[in-house]
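Asks: What follows is a structure written as structure tokens; I'll ask about it next.
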Amino acid sequence: MPVGIKTPVNQIKLTNVSLVRMKKGKKRFEIACYKNKVLEWRSGVEKDLDNVLQIPNVFMNVSKGQVANSQELAKSFGADKSLDDIILDILNKGELQVGEKERNAQMERVHNEVIDIVAGKLVDPKTKRVYTTGMIEKALDQLQSQTAQAPSSGTATPTEDSGKKELPKWSGVATNKSAKSQALEAMKALIAHQPIPLARARMRLRITCPTSVLKQAVKAPKDKAADEDEEKKTPGTVKDRIISYVEQVESQDVVGDEWECMGFVEPGAFRALSEFISGQTKGRARAEVLDMAVMHED
């Protein structure tokens with residue numbers, strides 16, 4: 001007669017888990033979350049808490065299944081806070097524990113995003129053509145190697161020009177900084193060292209739009225999660241949003257019932273501007289390219 005294997009009915013096996021930890025005094029509290037969901041929750045993409053938490057409870061040690069009792073929680077977080085409040089506090093402010101595999105994947109995502117941003121904003125100053133992401137990546141790798149081989153001491157010798165500024169350096173991407181800020185650092189280093197001929201480029205545009213359309217409020221995007229940051233940054237009218245895409249306004253004028261704006265737009269922003277104009281004005285506004293690549297220095 002076969003012997004049945006008894007398994008504890010209340011045992012919960014945690015798989016594909018990410019931990020978020022928070023230290024209060026000398027005690028450490030943890031919550032068990034699904035991988036990749038914590039960042040989605042913090043960025044506002046994920047709204048359903050049930051999709052984030054593996055177990056709606058607070059632990060002293062998730063791997064050992066040690067649940068924090070009510071006395072410990074009240075002493076550390078305050079007696080007026082409910083369990084749900086404490087979970088949200090840890091989820092929003094706690095330290096996300098990331099494994100090596102996830103850390104490498106995150107590093108790769110940030111790296112690729114930095115390369116894409118840089119490739120969209122730098123061009124060959126002679127041909128005005130953009131470089132491939134592969135060429136930008138090789139140029140940054142070269143700068144990173146130079147930085148790694150450079151002497152660690154930053155002190156100047158008596159023969160050096162004291163008024164000469166130190167050139168920007170590039171030491172590679174990091175996961176604790178935004179891709180946009182790191183892309184700016186990468187561009188400064190590339191332009192300063194010129195491992196390949198590079199210059200910042202902007203497209204020169206003429207934007208025209210009926211004045212009646214300019215005063216209209218911006219319509220809510222279909223994908224609110226995707227455009228949440230953009231909405232916060234540039235609320236208001238259609239004109240407000242159009243101007244937000246223009247890096248430098250050259251001139252503005254109103255002739256009759258039509259508004260005209262001449263200005264410079266980064267190549268990477270042109271598509272977003274065109275899509276916005278198409279969606280918000282139903283073709284009544286236009287963005288005409290006058291020059292594909294106008295050189296300028298920061």
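Ordered as shown in the structure tokens, chains take letters A, B, and onward, while each chain numbers its residues from 1 and ligands are numbered from 1 in the order shown.
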Within 12 Å of Val254 in chain A, counting only C-alpha atoms, which residues qualify if same-chain residues fewer than 6 places away don't, as a list of chain:residue names?
Replies: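 Surrounding residues, per the criterion: A:Ile207, A:Thr208, A:Cys209, A:Pro210, A:Thr211, A:Ser212, A:Leu214, A:Glu260, A:Cys261, A:Met262.
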Asks: Could you dump the residues just selected with N, CA and C atoms as a tab-separated table (two decimals), in the first residue's frame?
Replies:
chain	number	residue	atom	x	y	z
A	207	ILE	N	6.85	75.92	-36.86
A	207	ILE	CA	5.60	75.33	-36.38
A	207	ILE	C	4.50	76.37	-36.55
A	208	THR	N	3.40	75.98	-37.20
A	208	THR	CA	2.27	76.88	-37.37
A	208	THR	C	1.02	76.22	-36.81
A	209	CYS	N	0.15	77.06	-36.24
A	209	CYS	CA	-1.06	76.53	-35.62
A	209	CYS	C	-2.10	77.66	-35.48
A	210	PRO	N	-3.38	77.38	-35.75
A	210	PRO	CA	-4.42	78.40	-35.53
A	210	PRO	C	-4.43	78.84	-34.06
A	211	THR	N	-4.59	80.12	-33.83
A	211	THR	CA	-4.56	80.62	-32.46
A	211	THR	C	-5.70	80.05	-31.62
A	212	SER	N	-6.82	79.74	-32.25
A	212	SER	CA	-7.95	79.16	-31.51
A	212	SER	C	-7.61	77.80	-30.94
A	214	LEU	N	-4.49	76.84	-30.16
A	214	LEU	CA	-3.44	77.02	-29.14
A	214	LEU	C	-4.02	77.16	-27.74
A	260	GLU	N	2.90	81.41	-35.52
A	260	GLU	CA	4.08	80.78	-36.11
A	260	GLU	C	5.22	80.83	-35.11
A	261	CYS	N	5.90	79.70	-34.96
A	261	CYS	CA	7.05	79.60	-34.06
A	261	CYS	C	8.23	79.01	-34.82
A	262	MET	N	9.35	79.69	-34.75
A	262	MET	CA	10.60	79.18	-35.32
A	262	MET	C	11.48	78.77	-34.15
Asks: Got a sec to tell me which of range 82-227 of chain A DSSP assigns to helix (DSSP H, G or I), as a PyMOL selection string?
Replies: chain A and resi 83-93+100-119+133-149+179-193+211-214
Asks: Nearest to Leu122 in chain A among A:Gly94, A:Gly268, A:Gly283, A:Gly25, with distances taken over only C-alpha atoms: which residue is it?
Replies: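 Smallest separation from Leu122 in chain A among the options: A:Gly268.
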Asks: Quick one: pull the distance between CA of Glu275 in chain A and CA of Arg241 in chain A, Å, one decimal.
Replies: 11.9 Å
Asks: DSSP on the backbone, then: every residue of range 112-298 of chain A marked strand (DSSP E or B), written as a PDB file with N, CA and C atoms, in the first residue's frame.
Replies:
ATOM      1  N   LEU A 122      23.433  63.234 -31.091  1.00  0.00           N
ATOM      2  CA  LEU A 122      24.750  63.582 -31.628  1.00  0.00           C
ATOM      3  C   LEU A 122      24.847  63.181 -33.089  1.00  0.00           C
ATOM      4  N   VAL A 123      25.599  63.958 -33.848  1.00  0.00           N
ATOM      5  CA  VAL A 123      25.769  63.670 -35.269  1.00  0.00           C
ATOM      6  C   VAL A 123      27.216  63.900 -35.674  1.00  0.00           C
ATOM      7  N   VAL A 130      23.451  60.971 -38.320  1.00  0.00           N
ATOM      8  CA  VAL A 130      23.527  60.360 -36.996  1.00  0.00           C
ATOM      9  C   VAL A 130      24.380  59.100 -37.058  1.00  0.00           C
ATOM     10  N   ALA A 199      29.126  66.135 -32.633  1.00  0.00           N
ATOM     11  CA  ALA A 199      28.603  67.438 -32.244  1.00  0.00           C
ATOM     12  C   ALA A 199      27.129  67.285 -31.908  1.00  0.00           C
ATOM     13  N   ARG A 200      26.655  68.139 -30.990  1.00  0.00           N
ATOM     14  CA  ARG A 200      25.232  68.170 -30.687  1.00  0.00           C
ATOM     15  C   ARG A 200      24.487  68.686 -31.906  1.00  0.00           C
ATOM     16  N   ALA A 201      23.329  68.161 -32.148  1.00  0.00           N
ATOM     17  CA  ALA A 201      22.543  68.604 -33.289  1.00  0.00           C
ATOM     18  C   ALA A 201      21.114  68.882 -32.875  1.00  0.00           C
ATOM     19  N   ARG A 202      20.537  69.887 -33.512  1.00  0.00           N
ATOM     20  CA  ARG A 202      19.119  70.172 -33.325  1.00  0.00           C
ATOM     21  C   ARG A 202      18.496  70.399 -34.690  1.00  0.00           C
ATOM     22  N   MET A 203      17.244  70.055 -34.817  1.00  0.00           N
ATOM     23  CA  MET A 203      16.506  70.314 -36.043  1.00  0.00           C
ATOM     24  C   MET A 203      15.874  71.705 -35.940  1.00  0.00           C
ATOM     25  N   ARG A 204      15.954  72.452 -37.010  1.00  0.00           N
ATOM     26  CA  ARG A 204      15.329  73.777 -37.045  1.00  0.00           C
ATOM     27  C   ARG A 204      13.957  73.637 -37.693  1.00  0.00           C
ATOM     28  N   LEU A 205      12.929  74.059 -36.959  1.00  0.00           N
ATOM     29  CA  LEU A 205      11.554  73.861 -37.404  1.00  0.00           C
ATOM     30  C   LEU A 205      10.795  75.172 -37.520  1.00  0.00           C
ATOM     31  N   ARG A 206       9.749  75.135 -38.361  1.00  0.00           N
ATOM     32  CA  ARG A 206       8.731  76.181 -38.360  1.00  0.00           C
ATOM     33  C   ARG A 206       7.421  75.494 -37.973  1.00  0.00           C
ATOM     34  N   ILE A 207       6.852  75.925 -36.859  1.00  0.00           N
ATOM     35  CA  ILE A 207       5.595  75.334 -36.380  1.00  0.00           C
ATOM     36  C   ILE A 207       4.499  76.367 -36.549  1.00  0.00           C
ATOM     37  N   THR A 208       3.405  75.979 -37.197  1.00  0.00           N
ATOM     38  CA  THR A 208       2.270  76.880 -37.373  1.00  0.00           C
ATOM     39  C   THR A 208       1.023  76.224 -36.812  1.00  0.00           C
ATOM     40  N   CYS A 209       0.148  77.060 -36.241  1.00  0.00           N
ATOM     41  CA  CYS A 209      -1.063  76.533 -35.619  1.00  0.00           C
ATOM     42  C   CYS A 209      -2.096  77.660 -35.483  1.00  0.00           C
ATOM     43  N   PRO A 210      -3.377  77.382 -35.748  1.00  0.00           N
ATOM     44  CA  PRO A 210      -4.417  78.401 -35.527  1.00  0.00           C
ATOM     45  C   PRO A 210      -4.432  78.838 -34.059  1.00  0.00           C
ATOM     46  N   ALA A 217      -7.291  73.286 -24.032  1.00  0.00           N
ATOM     47  CA  ALA A 217      -6.621  72.475 -23.011  1.00  0.00           C
ATOM     48  C   ALA A 217      -6.133  71.174 -23.633  1.00  0.00           C
ATOM     49  N   THR A 237      -2.270  74.323 -21.912  1.00  0.00           N
ATOM     50  CA  THR A 237      -2.827  74.426 -23.254  1.00  0.00           C
ATOM     51  C   THR A 237      -1.969  73.702 -24.288  1.00  0.00           C
ATOM     52  N   GLN A 248      14.888  75.556 -27.962  1.00  0.00           N
ATOM     53  CA  GLN A 248      15.197  76.991 -28.016  1.00  0.00           C
ATOM     54  C   GLN A 248      14.274  77.657 -29.027  1.00  0.00           C
ATOM     55  N   VAL A 249      13.495  78.624 -28.561  1.00  0.00           N
ATOM     56  CA  VAL A 249      12.593  79.362 -29.444  1.00  0.00           C
ATOM     57  C   VAL A 249      13.381  80.485 -30.113  1.00  0.00           C
ATOM     58  N   GLU A 250      13.372  80.489 -31.429  1.00  0.00           N
ATOM     59  CA  GLU A 250      14.072  81.528 -32.190  1.00  0.00           C
ATOM     60  C   GLU A 250      13.183  82.758 -32.364  1.00  0.00           C
ATOM     61  N   SER A 251      11.917  82.535 -32.681  1.00  0.00           N
ATOM     62  CA  SER A 251      10.984  83.653 -32.832  1.00  0.00           C
ATOM     63  C   SER A 251       9.553  83.136 -32.754  1.00  0.00           C
ATOM     64  N   GLN A 252       8.639  84.042 -32.343  1.00  0.00           N
ATOM     65  CA  GLN A 252       7.216  83.749 -32.326  1.00  0.00           C
ATOM     66  C   GLN A 252       6.479  84.943 -32.916  1.00  0.00           C
ATOM     67  N   ASP A 253       5.408  84.646 -33.651  1.00  0.00           N
ATOM     68  CA  ASP A 253       4.648  85.736 -34.245  1.00  0.00           C
ATOM     69  C   ASP A 253       3.223  85.262 -34.516  1.00  0.00           C
ATOM     70  N   VAL A 254       2.293  86.184 -34.515  1.00  0.00           N
ATOM     71  CA  VAL A 254       0.899  85.888 -34.855  1.00  0.00           C
ATOM     72  C   VAL A 254       0.529  86.731 -36.065  1.00  0.00           C
ATOM     73  N   VAL A 255       0.143  86.049 -37.137  1.00  0.00           N
ATOM     74  CA  VAL A 255      -0.287  86.720 -38.362  1.00  0.00           C
ATOM     75  C   VAL A 255      -1.734  86.336 -38.607  1.00  0.00           C
ATOM     76  N   GLU A 258      -3.269  82.939 -37.224  1.00  0.00           N
ATOM     77  CA  GLU A 258      -2.315  81.830 -37.184  1.00  0.00           C
ATOM     78  C   GLU A 258      -1.051  82.226 -36.417  1.00  0.00           C
ATOM     79  N   TRP A 259      -0.641  81.312 -35.565  1.00  0.00           N
ATOM     80  CA  TRP A 259       0.581  81.492 -34.769  1.00  0.00           C
ATOM     81  C   TRP A 259       1.731  80.758 -35.445  1.00  0.00           C
ATOM     82  N   GLU A 260       2.896  81.412 -35.520  1.00  0.00           N
ATOM     83  CA  GLU A 260       4.079  80.784 -36.112  1.00  0.00           C
ATOM     84  C   GLU A 260       5.222  80.826 -35.113  1.00  0.00           C
ATOM     85  N   CYS A 261       5.900  79.700 -34.958  1.00  0.00           N
ATOM     86  CA  CYS A 261       7.049  79.604 -34.057  1.00  0.00           C
ATOM     87  C   CYS A 261       8.230  79.012 -34.817  1.00  0.00           C
ATOM     88  N   MET A 262       9.349  79.693 -34.752  1.00  0.00           N
ATOM     89  CA  MET A 262      10.604  79.175 -35.320  1.00  0.00           C
ATOM     90  C   MET A 262      11.482  78.775 -34.153  1.00  0.00           C
ATOM     91  N   GLY A 263      12.047  77.577 -34.225  1.00  0.00           N
ATOM     92  CA  GLY A 263      12.871  77.141 -33.116  1.00  0.00           C
ATOM     93  C   GLY A 263      13.634  75.865 -33.401  1.00  0.00           C
ATOM     94  N   PHE A 264      14.362  75.423 -32.376  1.00  0.00           N
ATOM     95  CA  PHE A 264      15.229  74.260 -32.511  1.00  0.00           C
ATOM     96  C   PHE A 264      14.714  73.121 -31.624  1.00  0.00           C
ATOM     97  N   VAL A 265      14.692  71.943 -32.196  1.00  0.00           N
ATOM     98  CA  VAL A 265      14.206  70.750 -31.509  1.00  0.00           C
ATOM     99  C   VAL A 265      15.241  69.647 -31.633  1.00  0.00           C
ATOM    100  N   ARG A 286       1.060  72.346 -38.031  1.00  0.00           N
ATOM    101  CA  ARG A 286       2.088  71.714 -38.862  1.00  0.00           C
ATOM    102  C   ARG A 286       3.470  71.989 -38.265  1.00  0.00           C
ATOM    103  N   ALA A 287       4.377  71.042 -38.460  1.00  0.00           N
ATOM    104  CA  ALA A 287       5.783  71.216 -38.074  1.00  0.00           C
ATOM    105  C   ALA A 287       6.633  70.949 -39.306  1.00  0.00           C
ATOM    106  N   GLU A 288       7.203  72.009 -39.842  1.00  0.00           N
ATOM    107  CA  GLU A 288       7.986  71.927 -41.076  1.00  0.00           C
ATOM    108  C   GLU A 288       9.473  71.967 -40.743  1.00  0.00           C
ATOM    109  N   VAL A 289      10.227  71.008 -41.268  1.00  0.00           N
ATOM    110  CA  VAL A 289      11.666  70.930 -41.019  1.00  0.00           C
ATOM    111  C   VAL A 289      12.392  71.880 -41.971  1.00  0.00           C
ATOM    112  N   LEU A 290      13.110  72.847 -41.406  1.00  0.00           N
ATOM    113  CA  LEU A 290      13.891  73.794 -42.203  1.00  0.00           C
ATOM    114  C   LEU A 290      15.335  73.344 -42.354  1.00  0.00           C
ATOM    115  N   ASP A 291      15.861  72.689 -41.326  1.00  0.00           N
ATOM    116  CA  ASP A 291      17.234  72.179 -41.365  1.00  0.00           C
ATOM    117  C   ASP A 291      17.290  70.934 -40.500  1.00  0.00           C
ATOM    118  N   MET A 292      17.781  69.841 -41.067  1.00  0.00           N
ATOM    119  CA  MET A 292      17.794  68.567 -40.374  1.00  0.00           C
ATOM    120  C   MET A 292      18.802  68.547 -39.213  1.00  0.00           C
ATOM    121  N   ALA A 293      19.894  69.293 -39.336  1.00  0.00           N
ATOM    122  CA  ALA A 293      20.918  69.245 -38.277  1.00  0.00           C
ATOM    123  C   ALA A 293      21.657  70.574 -38.188  1.00  0.00           C
ATOM    124  N   VAL A 294      21.322  71.348 -37.182  1.00  0.00           N
ATOM    125  CA  VAL A 294      21.997  72.613 -36.933  1.00  0.00           C
ATOM    126  C   VAL A 294      22.980  72.402 -35.793  1.00  0.00           C
ATOM    127  N   MET A 295      24.253  72.681 -36.034  1.00  0.00           N
ATOM    128  CA  MET A 295      25.267  72.442 -35.012  1.00  0.00           C
ATOM    129  C   MET A 295      25.224  73.527 -33.952  1.00  0.00           C
ATOM    130  N   HIS A 296      25.522  73.133 -32.743  1.00  0.00           N
ATOM    131  CA  HIS A 296      25.682  74.102 -31.655  1.00  0.00           C
ATOM    132  C   HIS A 296      26.495  73.468 -30.562  1.00  0.00           C
TER     133      HIS A 296
END
Asks: Go through range 168-259 of chain A and flag each residue having an atom no more than 10 Å from range 137-141 of chain A; for those, report the closest pair of atoms plus their distance in Å to one decimal, using only C-alpha atoms, ordered by chain and rising number, as a tab-separated table.
Replies:
residue	atom	partner	partner_atom	distance
A:Trp170	CA	A:Leu140	CA	7.3
A:Ser171	CA	A:Leu140	CA	8.8
A:Gly172	CA	A:Leu140	CA	7.8
A:Ala186	CA	A:Leu140	CA	7.3
A:Met187	CA	A:Leu140	CA	9.3
A:Ala189	CA	A:Leu140	CA	8.6
A:Leu190	CA	A:Leu140	CA	7.2
A:His193	CA	A:Ala139	CA	9.9
A:Gln194	CA	A:Ala139	CA	8.6
A:Pro195	CA	A:Ala139	CA	5.9
A:Ile196	CA	A:Ala139	CA	6.9
Asks: Using only C-alpha atoms, which residues sit within 8 Å of Ala183 in chain A once same-chain residues fewer than 2 positions away are excluded, as an NGL selection string?
Replies: :A and (114-115 or 117-118 or 179-181 or 185-187)
Asks: Go ahead and write the selection's residues with N, CA, C and O atoms as an mmCIF file, in the first residue's frame.
Replies:
data_model
loop_
_atom_site.group_PDB
_atom_site.id
_atom_site.type_symbol
_atom_site.label_atom_id
_atom_site.label_comp_id
_atom_site.auth_asym_id
_atom_site.auth_seq_id
_atom_site.Cartn_x
_atom_site.Cartn_y
_atom_site.Cartn_z
ATOM 1 N N VAL A 114 20.657 54.742 -22.343
ATOM 2 C CA VAL A 114 21.644 55.823 -22.469
ATOM 3 C C VAL A 114 22.179 55.884 -23.899
ATOM 4 O O VAL A 114 22.266 56.969 -24.496
ATOM 5 N N ILE A 115 22.517 54.733 -24.458
ATOM 6 C CA ILE A 115 23.044 54.687 -25.827
ATOM 7 C C ILE A 115 22.016 55.243 -26.812
ATOM 8 O O ILE A 115 22.357 56.019 -27.720
ATOM 9 N N ILE A 117 19.574 57.388 -26.269
ATOM 10 C CA ILE A 117 19.421 58.833 -26.104
ATOM 11 C C ILE A 117 20.581 59.577 -26.765
ATOM 12 O O ILE A 117 20.381 60.550 -27.505
ATOM 13 N N VAL A 118 21.800 59.109 -26.502
ATOM 14 C CA VAL A 118 22.990 59.766 -27.061
ATOM 15 C C VAL A 118 22.979 59.697 -28.584
ATOM 16 O O VAL A 118 23.264 60.690 -29.273
ATOM 17 N N ALA A 179 18.647 57.528 -16.678
ATOM 18 C CA ALA A 179 19.305 57.375 -17.977
ATOM 19 C C ALA A 179 19.518 58.734 -18.643
ATOM 20 O O ALA A 179 20.541 58.958 -19.301
ATOM 21 N N LYS A 180 18.570 59.660 -18.462
ATOM 22 C CA LYS A 180 18.681 60.976 -19.096
ATOM 23 C C LYS A 180 19.885 61.752 -18.569
ATOM 24 O O LYS A 180 20.626 62.359 -19.335
ATOM 25 N N SER A 181 20.078 61.731 -17.241
ATOM 26 C CA SER A 181 21.207 62.470 -16.672
ATOM 27 C C SER A 181 22.534 61.841 -17.087
ATOM 28 O O SER A 181 23.509 62.549 -17.354
ATOM 29 N N GLU A 185 25.817 63.316 -19.362
ATOM 30 C CA GLU A 185 27.228 63.181 -18.994
ATOM 31 C C GLU A 185 28.023 62.515 -20.122
ATOM 32 O O GLU A 185 29.152 62.921 -20.423
ATOM 33 N N ALA A 186 27.426 61.494 -20.729
ATOM 34 C CA ALA A 186 28.099 60.786 -21.819
ATOM 35 C C ALA A 186 28.335 61.707 -23.012
ATOM 36 O O ALA A 186 29.416 61.708 -23.621
ATOM 37 N N MET A 187 27.326 62.531 -23.338
ATOM 38 C CA MET A 187 27.474 63.450 -24.472
ATOM 39 C C MET A 187 28.561 64.485 -24.222
ATOM 40 O O MET A 187 29.351 64.811 -25.119
#
Asks: Identify, on the basis of only C-alpha atoms, every residue whose closest approach to range 27-33 of chain A does not exceed 9 Å; exclude the query and any residue fewer than 2 positions from it along the same chain; express the result as a count of residues only.
Replies: 35
Asks: Pick out the residues sitting within 9 Å of Gly236 in chain A, and hand them over as a VMD selection string; count only C-alpha atoms, and ignore anything fewer than 4 positions along from it in its own chain.
Replies: chain A and resid 215 to 218 231 240 to 241
Asks: Take the selection from the previous step and output its residues with N, CA, C and O atoms, as an mmCIF file, in the first residue's frame.
Replies:
data_model
loop_
_atom_site.group_PDB
_atom_site.id
_atom_site.type_symbol
_atom_site.label_atom_id
_atom_site.label_comp_id
_atom_site.auth_asym_id
_atom_site.auth_seq_id
_atom_site.Cartn_x
_atom_site.Cartn_y
_atom_site.Cartn_z
ATOM 1 N N LYS A 215 -5.184 77.776 -27.646
ATOM 2 C CA LYS A 215 -5.768 78.057 -26.336
ATOM 3 C C LYS A 215 -6.502 76.868 -25.737
ATOM 4 O O LYS A 215 -6.912 76.910 -24.575
ATOM 5 N N GLN A 216 -6.672 75.801 -26.521
ATOM 6 C CA GLN A 216 -7.405 74.638 -26.034
ATOM 7 C C GLN A 216 -6.590 73.882 -24.987
ATOM 8 O O GLN A 216 -5.358 73.837 -25.051
ATOM 9 N N ALA A 217 -7.291 73.286 -24.032
ATOM 10 C CA ALA A 217 -6.621 72.475 -23.011
ATOM 11 C C ALA A 217 -6.133 71.174 -23.633
ATOM 12 O O ALA A 217 -6.764 70.638 -24.555
ATOM 13 N N VAL A 218 -5.038 70.679 -23.136
ATOM 14 C CA VAL A 218 -4.479 69.422 -23.641
ATOM 15 C C VAL A 218 -5.408 68.277 -23.268
ATOM 16 O O VAL A 218 -5.826 68.144 -22.114
ATOM 17 N N GLU A 231 2.624 64.703 -18.568
ATOM 18 C CA GLU A 231 1.473 65.516 -18.164
ATOM 19 C C GLU A 231 1.829 66.409 -16.977
ATOM 20 O O GLU A 231 1.432 67.564 -16.900
ATOM 21 N N ASP A 240 1.305 75.424 -24.630
ATOM 22 C CA ASP A 240 2.256 75.055 -23.574
ATOM 23 C C ASP A 240 3.009 73.777 -23.947
ATOM 24 O O ASP A 240 4.227 73.687 -23.775
ATOM 25 N N ARG A 241 2.257 72.809 -24.429
ATOM 26 C CA ARG A 241 2.888 71.527 -24.754
ATOM 27 C C ARG A 241 3.809 71.633 -25.965
ATOM 28 O O ARG A 241 4.897 71.071 -25.968
#
Asks: Grab the CA of Lys219 in chain A to CA of Ile277 in chain A distance for me, in Å with one decimal place.
Replies: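 Rounded to one decimal, the two atoms are 11.6 Å apart.
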